[in-house]
Amino acid sequence: MKDFNQKYFTGDSAAHSRSVYKGSGYDPQDLNRPHIGIANTFSENSAGHAHLRELAAAVKSAIWQAGGVPFEFGLPSTCAEVAIGTDTMCMDLAMRDIVASGIEIVSSVQHFDGLVLLSGCDNIVPGTLLAAARLDIPAICCTGGPMLSGRLDGKQFLQCDVTEFSYGQISKGTASREAILKAECSACPSMGACSSMGTANTMQILAEALGMTLPGASTIPAVFTDKIISCKQIGRRIVEMVCEGLVPSRIITREAIENAIYMDLAIGGSTNAVLHLLALANELNIELSLQDFERLSRTTPCIANVRPSGVYAVDDLFYSGGVPAIFKQLESIVHRECLNVSGQTLGEILSTVPSEPDDVIRSLDNPIVKDGGLAILSGNLALNGSVARSSTVKESMHHFRGTAKVFSSDSEAHDAIIQEKVRPGDIIVVRYCGPVGAPGMVEIMEATEAIVNLGLDESVALITDGRFSGFCHGPIIGHVSPEAAIGGSIALVEDGDLIDIDIPGRSLTLLVSDEDLEKRRKDLVLPEPKIKKGFMRTYAKNCLPPEKGAAMQMWD
C-alpha cells in the first residue's frame with residue numbers, strides 16, 4: 001500500500017512466518033500490509049473490561065478496511081474492588097508492569113508495525129501507555145469509556161457510594177439486608193469504568209490529554225454506539241499512522257505531560273495519576289518531579305464538577321463536550337502545539353470547540369477549587385513528599401493537628417474505626433504499605449471509606465505510605481516517602497505523637513524532636529519482607545519509590 005513497505009513478511013525467506021499465520025487463518029497474500037497488534041485487556045471479572053471484545057471487533061473491521069492486518073492478543077486485567085480488604089490488594093499496582101511487559105514482548109516478537117491499546121481501568125490504562133512509550137511504534141489508546149451513572153430512589157448512586165456504605169454502615173451492622181441488596185444492584189447499570197472520577201476515568205481522560213487517543217473519545221460511555229464508531233475511526237487511523245511514521249515519542253513530549261497534569265488538576269483526578277505520569281516520564285527520559293505537580297497546582301483551578309470533587313458523574317462530562325471542552329476552558333494556559341494521534345495539534349482541535357462553560361465544566365473564573373485538586377506535602381514525616389487530593393478535603397481540615405494512632409494494615413485501621421477506638425482529634429497512620437513494604441503499594445480503602453461514611457471526615461485524618469483508590473476523598477494523605485519498609489520517618493511514629501497537617505503550607509510534620517527521632521531510629525527493627533518469592537518479590541526489588549512513579553524501572 002501507499003508509503004508502506006513490509007519488512008518481515010515478504011520474500012522467499014519469510015515463508016516460515018507466512019506459513020504460521022496461514023495456520024492461524026490468515027491468507028498469505030494479505031500479509032504484505034501493515035500488521036497492527038490489538039492489545040485487548042478484556043476480562044469477565046471487571047465492568048471496565050467486560051465489553052472490550054465488541055470494541056475490538058469494531059477496531060479490527062476498520063483495520064481491514066483501511067488496508068491493514070489486525071492481530072488481536074490478550075492481556076490480564078483485574079478489578080481492585082474485588083481485592084479490597086485482602087492480602088492480594090498489594091498486587092494491583094504491579095499489574096501496570098505486567099501489562100506493559102506483555103505488550104512489549106508480544107509486539108516485539110511478532111514485529112507489529114502499529115498498536116491499538118484497548119483497556120479501561122485503573123493501572124491497566126497506564127500499563128498500555130508505558131508500553132507505547134517503551135516500544136515507540138505507532139500506537140493509539142482505545143479506552144473502554146465510563147459506565148452510565150446509577151440511580152437509587154431517584155438519586156445518583158455510584159460504585160463509590162457502595163464502597164463507602166460497605167466499609168461504614170454495613171461494617172458496623174447498622175444496614176438492613178434489603179438496603180444492602182438494593183444498593184449493590186443500583187450502582188453499576190452498565191459496563192464501563194465506574195462513573196466517578198476514580199483512577200479508571202482519570203487515566204482514560206489523561207490518555208486523551210496526552211494526545212494518545214482521538215479527540216473526544218475518552219468520555220464516550222462504554223455502551224453508546226458512539227463508542228463503536230470511535231473504535232472504527234481508531235482502526236482506520238492506526239493504519240494511516242503507520243504509513244506516516246507517527247510514533248509516541250513525537251506525541252508524549254514534556255509539554256504533553258504538562259498538559260496531562262493540567263487536565264488532572266482541572267478534573268480533580270485520582271492521586272494515582274501522579275504515580276502514572278511520573279512513571280511515563282521516566283520511560284521517555286523526561287525530567288518530571290512532584291514539584292512540577294505542585295507548581296502547576298498552584299495556578300490551575302479544578303473546574304470539572306464531577307465526584308468526588310463535585311456533584312456530577314463522568315458520563316455527564318460526555319454531554320458537556322468531554323476532554324476538548326475542558327481543554328477549551330484551559331486554552332490560555334496549556335501547550336496548544338502538542339500533537340494528537342489524529343495528526344492535529346491541540347490548538348487545531350480547540351479551534352472548533354465551543355467556548356461556553358456550564359455547571360459540569362466550569363470556567364477558570366468559576367472553579368470548584370481555586371488551586372488544583374492536588375497538594376504535595378513535605379516535612380520531617382515525608383522528606384521526599386506526599387500527596388493529598390485537596391479538592392476533596394473540607395475547609396476545616398486543611399490545617400489539622402492530631403494524635404497519632406498507628407496501624408500496619410488497612411484492615412486493622414478500619415476495625416479500630418468500626419469499634420470506635422478512633423476518636424475525634426486522631427490521625428490514623430497506616431504504614432508498611434508502600435511499594436517495598438506491601439509490597440506493591442496498597443490502596444488504603446477500608447479505613448478511608450469508613451471515615452467518610454461515618455461522618456468522621458471533619459475530625460479524623462489518615463496518613464499512609466500506601467496509596468488510595470480514585471474513589472477516596474477526605475482528609476487523607478498518601479505516598480509518604482521514604483516509606484516505612486526502608487526506614488522512612490513514618491516507621492518511627494508512635495501512638496500519641498502529635499502530627500501537624502498543613503495543606504495551605506504544604507507541610508506534613510511529626511512534632512517529635514530530632515533527638516528523640518534519632519533515638520527511635522537506633523532501636524528500629526524493620527520487618528521481614530511479607531512476600532519472599534514470585535512476581536511481587538521481583539517487583540519489590542526492582543521498583544522505584546513513589547516520587548519516581550513506583551514502576552519497575554530500576555534498569556541499572
# chains A, B, ... in the order shown; residues from 1 in each chain; ligands from 1
>>> closest_atom_pairs(of="segment 283-398 of chain A", to="segment 465-478 of chain A", cutoff="6 Å", atoms="only C-alpha atoms", output="JSON lines")
{"residue": "A:Ser386", "atom": "CA", "partner": "A:Gly478", "partner_atom": "CA", "distance": 5.8}
{"residue": "A:Val387", "atom": "CA", "partner": "A:Gly478", "partner_atom": "CA", "distance": 5.3}
{"residue": "A:Ala388", "atom": "CA", "partner": "A:Ile477", "partner_atom": "CA", "distance": 4.7}
{"residue": "A:Thr392", "atom": "CA", "partner": "A:Gly474", "partner_atom": "CA", "distance": 5.3}
{"residue": "A:Val393", "atom": "CA", "partner": "A:Gly474", "partner_atom": "CA", "distance": 4.6}
>>> residues_around(residues="segment 358-375 of chain A", least_positions_apart="2", cutoff="8 Å", atoms="only C-alpha atoms", output="PyMOL selection string")
chain A and resi 265-269+271+293-294+296-306+309-310+312+316-317+320+325-326+329-330+356+377+387-392+503+506
>>> write_last_selection(atoms="C-alpha atoms", output="mmCIF file, in the first residue's frame")
data_model
loop_
_atom_site.group_PDB
_atom_site.id
_atom_site.type_symbol
_atom_site.label_atom_id
_atom_site.label_comp_id
_atom_site.auth_asym_id
_atom_site.auth_seq_id
_atom_site.Cartn_x
_atom_site.Cartn_y
_atom_site.Cartn_z
ATOM 1 C CA LEU A 265 -5.749 19.156 38.234
ATOM 2 C CA ALA A 266 -8.729 20.550 36.350
ATOM 3 C CA ILE A 267 -10.764 17.353 36.786
ATOM 4 C CA GLY A 268 -9.767 16.734 40.424
ATOM 5 C CA GLY A 269 -8.351 13.434 39.264
ATOM 6 C CA THR A 271 -3.914 10.754 43.150
ATOM 7 C CA PHE A 293 2.702 18.885 40.098
ATOM 8 C CA GLU A 294 2.941 21.339 42.985
ATOM 9 C CA LEU A 296 1.125 23.669 38.261
ATOM 10 C CA SER A 297 -1.386 23.015 41.044
ATOM 11 C CA ARG A 298 -0.830 26.500 42.416
ATOM 12 C CA THR A 299 -2.133 28.082 39.207
ATOM 13 C CA THR A 300 -4.597 25.529 37.791
ATOM 14 C CA PRO A 301 -8.170 25.570 39.122
ATOM 15 C CA CYS A 302 -10.278 22.429 39.462
ATOM 16 C CA ILE A 303 -13.156 23.121 37.060
ATOM 17 C CA ALA A 304 -14.804 19.726 36.464
ATOM 18 C CA ASN A 305 -17.800 19.475 38.775
ATOM 19 C CA VAL A 306 -17.525 15.687 38.981
ATOM 20 C CA SER A 309 -14.600 16.909 43.917
ATOM 21 C CA GLY A 310 -18.036 17.912 42.584
ATOM 22 C CA TYR A 312 -21.872 15.024 38.653
ATOM 23 C CA ASP A 316 -22.188 13.913 32.272
ATOM 24 C CA LEU A 317 -18.778 15.088 31.003
ATOM 25 C CA SER A 320 -20.774 18.683 28.132
ATOM 26 C CA ALA A 325 -14.400 21.168 26.263
ATOM 27 C CA ILE A 326 -12.237 21.030 29.389
ATOM 28 C CA GLN A 329 -11.510 26.368 29.290
ATOM 29 C CA LEU A 330 -7.790 25.777 29.937
ATOM 30 C CA GLU A 356 -19.222 28.336 26.669
ATOM 31 C CA LEU A 377 3.146 17.992 51.243
ATOM 32 C CA VAL A 387 0.185 13.559 48.031
ATOM 33 C CA ALA A 388 -3.272 14.823 49.054
ATOM 34 C CA ARG A 389 -6.412 15.290 46.953
ATOM 35 C CA SER A 390 -7.017 18.722 48.409
ATOM 36 C CA SER A 391 -10.130 19.441 46.353
ATOM 37 C CA THR A 392 -11.994 16.827 48.413
ATOM 38 C CA ILE A 503 -2.330 21.761 53.288
ATOM 39 C CA ARG A 506 2.187 22.160 52.042
#
>>> select_by_dssp(residues="segment 335-429 of chain A", states="helix (DSSP H, G or I)", output="list in words")
Leu346, Gly347, Glu348, Ile349, Leu350, Ser390, Ser391, Thr392, Glu395, Ser396, Met397, Asp410, Ser411, Glu412, Ala413, His414, Asp415, Ala416, Ile417 and Ile418 of chain A
>>> write_last_selection(atoms="N, CA and C atoms", output="short mmCIF file (atom, residue, chain, number, x, y, z; two decimals), in the first residue's frame")
data_model
loop_
_atom_site.label_atom_id
_atom_site.label_comp_id
_atom_site.auth_asym_id
_atom_site.auth_seq_id
_atom_site.Cartn_x
_atom_site.Cartn_y
_atom_site.Cartn_z
N LEU A 346 -3.21 20.34 19.41
CA LEU A 346 -4.28 20.66 20.35
C LEU A 346 -4.95 21.97 19.96
N GLY A 347 -4.18 22.93 19.50
CA GLY A 347 -4.75 24.20 19.07
C GLY A 347 -5.72 24.04 17.93
N GLU A 348 -5.37 23.18 16.97
CA GLU A 348 -6.28 22.92 15.84
C GLU A 348 -7.55 22.24 16.31
N ILE A 349 -7.44 21.33 17.25
CA ILE A 349 -8.62 20.66 17.79
C ILE A 349 -9.54 21.67 18.47
N LEU A 350 -8.94 22.56 19.27
CA LEU A 350 -9.74 23.50 20.05
C LEU A 350 -10.35 24.62 19.20
N SER A 390 -6.56 17.59 47.60
CA SER A 390 -7.02 18.72 48.41
C SER A 390 -8.40 19.22 48.03
N SER A 391 -8.81 18.97 46.79
CA SER A 391 -10.13 19.44 46.35
C SER A 391 -11.26 18.72 47.07
N THR A 392 -10.96 17.59 47.73
CA THR A 392 -11.99 16.83 48.41
C THR A 392 -11.91 16.96 49.93
N GLU A 395 -12.84 22.37 54.31
CA GLU A 395 -12.03 23.53 54.69
C GLU A 395 -11.52 23.43 56.12
N SER A 396 -12.34 22.90 57.02
CA SER A 396 -11.96 22.83 58.43
C SER A 396 -10.78 21.89 58.68
N MET A 397 -10.49 21.02 57.70
CA MET A 397 -9.42 20.05 57.86
C MET A 397 -8.16 20.41 57.07
N ASP A 410 -4.53 -1.67 56.42
CA ASP A 410 -5.82 -1.01 56.21
C ASP A 410 -6.90 -1.65 57.08
N SER A 411 -6.92 -2.97 57.11
CA SER A 411 -7.96 -3.68 57.86
C SER A 411 -7.88 -3.40 59.36
N GLU A 412 -6.66 -3.33 59.91
CA GLU A 412 -6.50 -3.01 61.33
C GLU A 412 -7.07 -1.63 61.63
N ALA A 413 -6.75 -0.67 60.77
CA ALA A 413 -7.25 0.69 60.98
C ALA A 413 -8.76 0.74 60.86
N HIS A 414 -9.30 0.04 59.87
CA HIS A 414 -10.75 0.01 59.68
C HIS A 414 -11.45 -0.58 60.89
N ASP A 415 -10.93 -1.70 61.39
CA ASP A 415 -11.56 -2.34 62.55
C ASP A 415 -11.56 -1.41 63.75
N ALA A 416 -10.48 -0.65 63.93
CA ALA A 416 -10.42 0.29 65.05
C ALA A 416 -11.47 1.39 64.90
N ILE A 417 -11.71 1.83 63.67
CA ILE A 417 -12.74 2.85 63.44
C ILE A 417 -14.13 2.29 63.76
N ILE A 418 -14.41 1.10 63.27
CA ILE A 418 -15.72 0.48 63.48
C ILE A 418 -15.96 0.22 64.97
#
>>> closest_atom_pairs(of="segment 111-180 of chain A", to="segment 444-462 of chain A", cutoff="7 Å", atoms="only C-alpha atoms", output="JSON lines")
{"residue": "A:Thr163", "atom": "CA", "partner": "A:Glu449", "partner_atom": "CA", "distance": 6.9}
{"residue": "A:Glu164", "atom": "CA", "partner": "A:Glu449", "partner_atom": "CA", "distance": 4.7}
{"residue": "A:Phe165", "atom": "CA", "partner": "A:Asn453", "partner_atom": "CA", "distance": 6.4}
{"residue": "A:Tyr167", "atom": "CA", "partner": "A:Ala450", "partner_atom": "CA", "distance": 5.1}
{"residue": "A:Gly168", "atom": "CA", "partner": "A:Ala450", "partner_atom": "CA", "distance": 4.4}
>>> atom_distance(atom1="atom CA of Leu511 of chain A", atom2="atom CA of Ile499 of chain A")
5.6 Å
>>> closest_residue(among="A:Val239, A:Val480, A:Leu339, A:Ala50", to="Ser190 of chain A", atoms="only C-alpha atoms")
A:Ala50
>>> residues_around(residues="Asp315 of chain A", least_positions_apart="3", cutoff="8 Å", atoms="only C-alpha atoms", output="list in words")
Pro146, Met147, Leu148, Ser149, Ser195, Thr219, Ile220, Pro221, Phe318 and Tyr319 of chain A
>>> write_last_selection(atoms="N, CA, C and O atoms", output="JSON list (two decimals), in the first residue's frame")
[["chain", "number", "residue", "atom", "x", "y", "z"],
["A", 146, "PRO", "N", -16.60, 5.36, 30.25],
["A", 146, "PRO", "CA", -17.26, 5.24, 31.55],
["A", 146, "PRO", "C", -18.56, 4.46, 31.46],
["A", 146, "PRO", "O", -19.21, 4.42, 30.41],
["A", 147, "MET", "N", -18.96, 3.84, 32.56],
["A", 147, "MET", "CA", -20.30, 3.27, 32.64],
["A", 147, "MET", "C", -21.31, 4.39, 32.85],
["A", 147, "MET", "O", -20.94, 5.53, 33.18],
["A", 148, "LEU", "N", -22.56, 4.09, 32.63],
["A", 148, "LEU", "CA", -23.62, 5.05, 32.92],
["A", 148, "LEU", "C", -23.78, 5.16, 34.44],
["A", 148, "LEU", "O", -23.55, 4.19, 35.17],
["A", 149, "SER", "N", -24.15, 6.33, 34.91],
["A", 149, "SER", "CA", -24.31, 6.51, 36.36],
["A", 149, "SER", "C", -25.57, 5.81, 36.85],
["A", 149, "SER", "O", -26.59, 5.76, 36.15],
["A", 195, "SER", "N", -18.31, 5.29, 37.39],
["A", 195, "SER", "CA", -18.58, 6.60, 36.80],
["A", 195, "SER", "C", -18.26, 7.82, 37.64],
["A", 195, "SER", "O", -18.67, 8.93, 37.31],
["A", 219, "THR", "N", -14.35, 9.99, 26.93],
["A", 219, "THR", "CA", -15.52, 10.08, 27.81],
["A", 219, "THR", "C", -16.79, 9.53, 27.18],
["A", 219, "THR", "O", -17.86, 9.62, 27.78],
["A", 220, "ILE", "N", -16.70, 8.97, 25.98],
["A", 220, "ILE", "CA", -17.89, 8.35, 25.38],
["A", 220, "ILE", "C", -18.30, 7.16, 26.24],
["A", 220, "ILE", "O", -17.50, 6.25, 26.48],
["A", 221, "PRO", "N", -19.53, 7.13, 26.76],
["A", 221, "PRO", "CA", -19.94, 5.99, 27.60],
["A", 221, "PRO", "C", -19.76, 4.66, 26.88],
["A", 221, "PRO", "O", -19.96, 4.54, 25.67],
["A", 318, "PHE", "N", -19.35, 13.73, 29.09],
["A", 318, "PHE", "CA", -19.54, 13.47, 27.67],
["A", 318, "PHE", "C", -20.53, 14.44, 27.06],
["A", 318, "PHE", "O", -20.28, 15.03, 26.00],
["A", 319, "TYR", "N", -21.67, 14.61, 27.73],
["A", 319, "TYR", "CA", -22.70, 15.52, 27.22],
["A", 319, "TYR", "C", -22.23, 16.97, 27.20],
["A", 319, "TYR", "O", -22.73, 17.78, 26.41]]
>>> residues_around(residues="Leu55 of chain A", least_positions_apart="6", cutoff="12 Å", atoms="only C-alpha atoms", output="count of residues only")
33
>>> residues_around(residues="segment 87-90 of chain A", least_positions_apart="2", cutoff="8 Å", atoms="only C-alpha atoms", output="VMD selection string")
chain A and resid 80 83 to 85 92 to 94 438 to 443
>>> residues_around(residues="segment 520-523 of chain A", least_positions_apart="4", cutoff="9 Å", atoms="only C-alpha atoms", output="PyMOL selection string")
chain A and resi 487+489+491-493+515-516
>>> closest_atom_pairs(of="segment 279-392 of chain A", to="segment 242-254 of chain A", cutoff="8 Å", atoms="only C-alpha atoms", output="CSV")
residue,atom,partner,partner_atom,distance
A:Ala281,CA,A:Arg254,CA,7.8
A:Leu284,CA,A:Ser249,CA,7.4
A:Ile286,CA,A:Arg254,CA,6.3
A:Glu287,CA,A:Arg254,CA,7.9
A:Cys338,CA,A:Ile251,CA,6.8
A:Leu339,CA,A:Ile251,CA,5.3
A:Asn340,CA,A:Ile251,CA,6.4
A:Val341,CA,A:Ile251,CA,7.3
>>> residues_around(residues="Met203 of chain A", least_positions_apart="3", cutoff="9 Å", atoms="only C-alpha atoms", output="ChimeraX atom specification")
/A:120-123,125-126,198-200,206-208,264,269-270,272-273,276
>>> select_by_dssp(residues="segment 435-536 of chain A", states="strand (DSSP E or B)", output="ChimeraX atom specification")
/A:443,461-464,467,476-481,498-502,507-510
>>> closest_residue(among="A:Arg18, A:Arg236, A:Arg401, A:Arg53", to="Asp500 of chain A", atoms="only C-alpha atoms")
A:Arg401
>>> closest_residue(among="A:Leu135, A:Leu544, A:Leu517, A:Ala260", to="Leu115 of chain A", atoms="only C-alpha atoms")
A:Leu135
>>> closest_residue(among="A:Gly549, A:Gly37, A:Gly150, A:Gly102", to="Leu288 of chain A", atoms="only C-alpha atoms")
A:Gly549
>>> decode(residues="segment 110-122 of chain A", atoms="all heavy atoms", output="tab-separated table (two decimals), in the first residue's frame")
chain	number	residue	atom	x	y	z
A	110	GLN	N	6.38	-10.45	17.52
A	110	GLN	CA	5.53	-10.56	16.33
A	110	GLN	C	5.81	-9.47	15.29
A	110	GLN	O	5.21	-9.47	14.22
A	110	GLN	CB	4.05	-10.48	16.74
A	110	GLN	CG	3.61	-11.57	17.70
A	110	GLN	CD	3.80	-12.97	17.17
A	110	GLN	OE1	4.26	-13.86	17.85
A	110	GLN	NE2	3.43	-13.18	15.90
A	111	HIS	N	6.70	-8.55	15.61
A	111	HIS	CA	7.08	-7.50	14.67
A	111	HIS	C	5.88	-6.68	14.19
A	111	HIS	O	5.72	-6.41	12.98
A	111	HIS	CB	7.83	-8.08	13.46
A	111	HIS	CG	9.15	-8.70	13.83
A	111	HIS	ND1	10.22	-7.98	14.31
A	111	HIS	CD2	9.55	-10.00	13.81
A	111	HIS	CE1	11.22	-8.79	14.56
A	111	HIS	NE2	10.85	-10.03	14.26
A	112	PHE	N	5.03	-6.27	15.12
A	112	PHE	CA	3.89	-5.43	14.73
A	112	PHE	C	4.39	-4.08	14.25
A	112	PHE	O	5.36	-3.52	14.77
A	112	PHE	CB	2.94	-5.23	15.91
A	112	PHE	CG	2.23	-6.48	16.36
A	112	PHE	CD1	1.98	-6.72	17.70
A	112	PHE	CD2	1.78	-7.42	15.44
A	112	PHE	CE1	1.32	-7.85	18.12
A	112	PHE	CE2	1.12	-8.57	15.83
A	112	PHE	CZ	0.89	-8.79	17.18
A	113	ASP	N	3.70	-3.54	13.26
A	113	ASP	CA	4.03	-2.21	12.74
A	113	ASP	C	3.32	-1.11	13.50
A	113	ASP	O	3.75	0.06	13.48
A	113	ASP	CB	3.64	-2.13	11.27
A	113	ASP	CG	4.37	-3.17	10.43
A	113	ASP	OD1	5.60	-3.11	10.37
A	113	ASP	OD2	3.69	-4.05	9.85
A	114	GLY	N	2.23	-1.44	14.16
A	114	GLY	CA	1.48	-0.47	14.93
A	114	GLY	C	0.65	-1.17	15.98
A	114	GLY	O	0.51	-2.39	15.96
A	115	LEU	N	0.09	-0.40	16.91
A	115	LEU	CA	-0.64	-0.97	18.03
A	115	LEU	C	-1.92	-0.18	18.32
A	115	LEU	O	-1.92	1.06	18.28
A	115	LEU	CB	0.21	-0.94	19.31
A	115	LEU	CG	1.30	-1.99	19.47
A	115	LEU	CD1	2.17	-1.62	20.67
A	115	LEU	CD2	0.68	-3.38	19.66
A	116	VAL	N	-2.98	-0.91	18.64
A	116	VAL	CA	-4.16	-0.32	19.27
A	116	VAL	C	-4.22	-0.91	20.67
A	116	VAL	O	-4.22	-2.14	20.83
A	116	VAL	CB	-5.45	-0.63	18.50
A	116	VAL	CG1	-6.67	-0.12	19.28
A	116	VAL	CG2	-5.41	0.02	17.12
A	117	LEU	N	-4.24	-0.06	21.67
A	117	LEU	CA	-4.14	-0.46	23.07
A	117	LEU	C	-5.51	-0.33	23.71
A	117	LEU	O	-5.96	0.77	24.03
A	117	LEU	CB	-3.10	0.41	23.78
A	117	LEU	CG	-1.72	0.40	23.09
A	117	LEU	CD1	-0.84	1.51	23.62
A	117	LEU	CD2	-1.05	-0.95	23.25
A	118	LEU	N	-6.18	-1.46	23.87
A	118	LEU	CA	-7.58	-1.49	24.28
A	118	LEU	C	-7.68	-1.81	25.77
A	118	LEU	O	-7.35	-2.92	26.20
A	118	LEU	CB	-8.31	-2.54	23.45
A	118	LEU	CG	-9.83	-2.60	23.47
A	118	LEU	CD1	-10.45	-1.27	23.09
A	118	LEU	CD2	-10.31	-3.68	22.51
A	119	SER	N	-8.11	-0.83	26.58
A	119	SER	CA	-8.15	-1.03	28.03
A	119	SER	C	-9.16	-0.07	28.65
A	119	SER	O	-9.64	0.86	27.99
A	119	SER	CB	-6.77	-0.80	28.64
A	119	SER	OG	-6.35	0.53	28.45
A	120	GLY	N	-9.44	-0.28	29.95
A	120	GLY	CA	-10.47	0.55	30.55
A	120	GLY	C	-10.30	0.96	31.99
A	120	GLY	O	-11.00	1.85	32.44
A	121	CYS	N	-9.41	0.33	32.75
A	121	CYS	CA	-9.42	0.57	34.19
A	121	CYS	C	-8.04	0.85	34.77
A	121	CYS	O	-7.03	0.40	34.27
A	121	CYS	CB	-10.02	-0.63	34.93
A	121	CYS	SG	-11.82	-0.63	34.96
A	122	ASP	N	-8.08	1.59	35.86
A	122	ASP	CA	-7.04	1.79	36.86
A	122	ASP	C	-5.62	1.68	36.32
A	122	ASP	O	-5.18	2.50	35.55
A	122	ASP	CB	-7.27	0.81	38.01
A	122	ASP	CG	-8.51	1.18	38.83
A	122	ASP	OD1	-9.34	1.94	38.29
A	122	ASP	OD2	-8.64	0.75	39.97
